[in-house]
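> Before I ask anything, here is the structure I am working with.
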Amino acid sequence: MRILITGASRGIGAGLASKYRDLGHDVIGTGRSVAAQIQLDVTRPASHSEMAEALGETALDLLVCNAGVYLDKGDDLETGFGADIWAQTFATNVTGVFLSIQALLPHLRRARSSKIAIISSQMGSDTTAPGGSYIYRASKAAALNLGRNLATDLKSEGIAVGIYHPGWVQTDMGGGSADITTDEAVSGLIERFEALSLETTGCFETWDGRAHPF
């Protein structure tokens, strides 16, 4: 299986890339640094075009849209949540996801049956609203909505789309006090991606297999 993972230079993305390689799959990891297999800044439309061109006629079986930021963590309602943070977050967490999928659709269509996995968060669910983190929550809600609508449009082409909550993970973003390790999240997500099909397309699931309310 040939897999492309965005944001594969650290955290969950790096964990997924490593695990999939251990399982014998052909993995292409993207990141902003020059050390990445394919350099991709998901906020730059031209960077997506360059990525697609670099892949040539490659067929992709699985695209994992993992690149994301959490820039408003701990912001104060009265003084935080600046317009620049809104713009940067949505450029990465929403527009970046869409542009990655749009650029790679020809490669996904070349595979016999392909899948798209979007890493969102339970923080984007309408049923989880404890307050705060307004920008991150809004961006993940938008990514969830994007995935649901793409699932509808791509089903007729045989491309399944799943949206996933990876858990509260012990990464730079999640922090050391988070609930689960990267290895636990990665193992669970790989199982979810494997189970994804046209019958379950549009699903919103947790890393450990529970259907999450939208």
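Residue numbering restarts at 1 in every chain; chains get A, B, ... in the order shown in the structure tokens, and ligands count up from 1 in that same order.
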Write out as a list in words the residues lying within 9 Å of Leu144 in chain A, counting only C-alpha atoms and excluding same-chain residues fewer than 5 positions away.

Ile118, Ile119, Ser120, Ser121, Gly124, Ser125, Ser139, Asn149, Ile163, Tyr164, Phe204 and Phe214 of chain A

> Can you tell me which residues surround Trp207 in chain A at a distance of at most 10 Å, considering only C-alpha atoms, apart from same-chain residues fewer than 2 positions away, and format the answer as a list in words?

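In the requested form, the answer reads Ile119, Tyr164, His165, Pro166, Gly167, Trp168, Glu184, Ala185, Val186, Ser187, Gly188, Leu189, Ile190, Glu191, Arg192, Phe193, Phe204, Glu205, Gly209, Arg210 and Ala211 of chain A.
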
> Which polymer residues have any atom within 9 Å of an atom of range 40-47 of chain A, counting only C-alpha atoms, with same-chain residues fewer than 4 positions away left out, as a ChimeraX atom specification?

/A:6-7,30-33,36,51-52,67,88,90-93,95-97,99-100

> Give the alpha helix (DSSP H) residues of range 88-154 of chain A, as DSSP finds them on the backbone, and put them as a PyMOL selection string.

chain A and resi 88-90+96-110+134-154

> Could you give me, as a ChimeraX atom specification, each residue of range 22-90 of chain A that DSSP assigns to strand (DSSP E) when run on this structure's backbone?

/A:26-31,38-39,62-65

> Given the choices A:Leu4, A:Ala143, A:Ala151, A:Met123, which gets closest to Thr206 in chain A if the distance is worked out from only C-alpha atoms?

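Answer, going by the shortest atom-to-atom distance: A:Met123.
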
> Quick one: of A:Gly24, A:Thr182, A:Leu55, A:Ala138, who's nearest to Arg10 in chain A, counting only C-alpha atoms?

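Counting only C-alpha atoms, the residue closest to Arg10 in chain A is A:Thr182.
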
> I want to know what sits within 10 Å of Lys155 in chain A, based on only C-alpha atoms, with residues of the same chain fewer than 6 positions away left out; could you give that as a VMD selection string?

chain A and resid 161 197 to 199 201 to 202

> So that I can see what lies close to Ile159 in chain A, please list as a VMD selection string the residues with an atom at most 7 Å from it, counting only C-alpha atoms and leaving out residues fewer than 3 positions away in the same chain.

chain A and resid 113 to 115 154 to 155

> Kindly export the residues of the current selection with N, CA and C atoms, as a PDB file, in the first residue's frame.


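What landed in again05.pdb:
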ATOM      1  N   SER A 113      -8.853   1.246  -5.147  1.00  0.00           N
ATOM      2  CA  SER A 113      -9.778   1.793  -4.156  1.00  0.00           C
ATOM      3  C   SER A 113      -8.924   2.561  -3.164  1.00  0.00           C
ATOM      4  N   SER A 114      -9.281   3.780  -2.896  1.00  0.00           N
ATOM      5  CA  SER A 114      -8.427   4.621  -2.063  1.00  0.00           C
ATOM      6  C   SER A 114      -9.227   5.228  -0.920  1.00  0.00           C
ATOM      7  N   LYS A 115      -8.480   5.751   0.055  1.00  0.00           N
ATOM      8  CA  LYS A 115      -9.099   6.287   1.257  1.00  0.00           C
ATOM      9  C   LYS A 115      -8.433   7.618   1.644  1.00  0.00           C
ATOM     10  N   LEU A 154     -17.271  12.059  -3.001  1.00  0.00           N
ATOM     11  CA  LEU A 154     -16.280  11.119  -3.528  1.00  0.00           C
ATOM     12  C   LEU A 154     -16.717   9.658  -3.483  1.00  0.00           C
ATOM     13  N   LYS A 155     -17.839   9.393  -2.835  1.00  0.00           N
ATOM     14  CA  LYS A 155     -18.291   8.002  -2.715  1.00  0.00           C
ATOM     15  C   LYS A 155     -18.502   7.365  -4.075  1.00  0.00           C
TER      16      LYS A 155
END
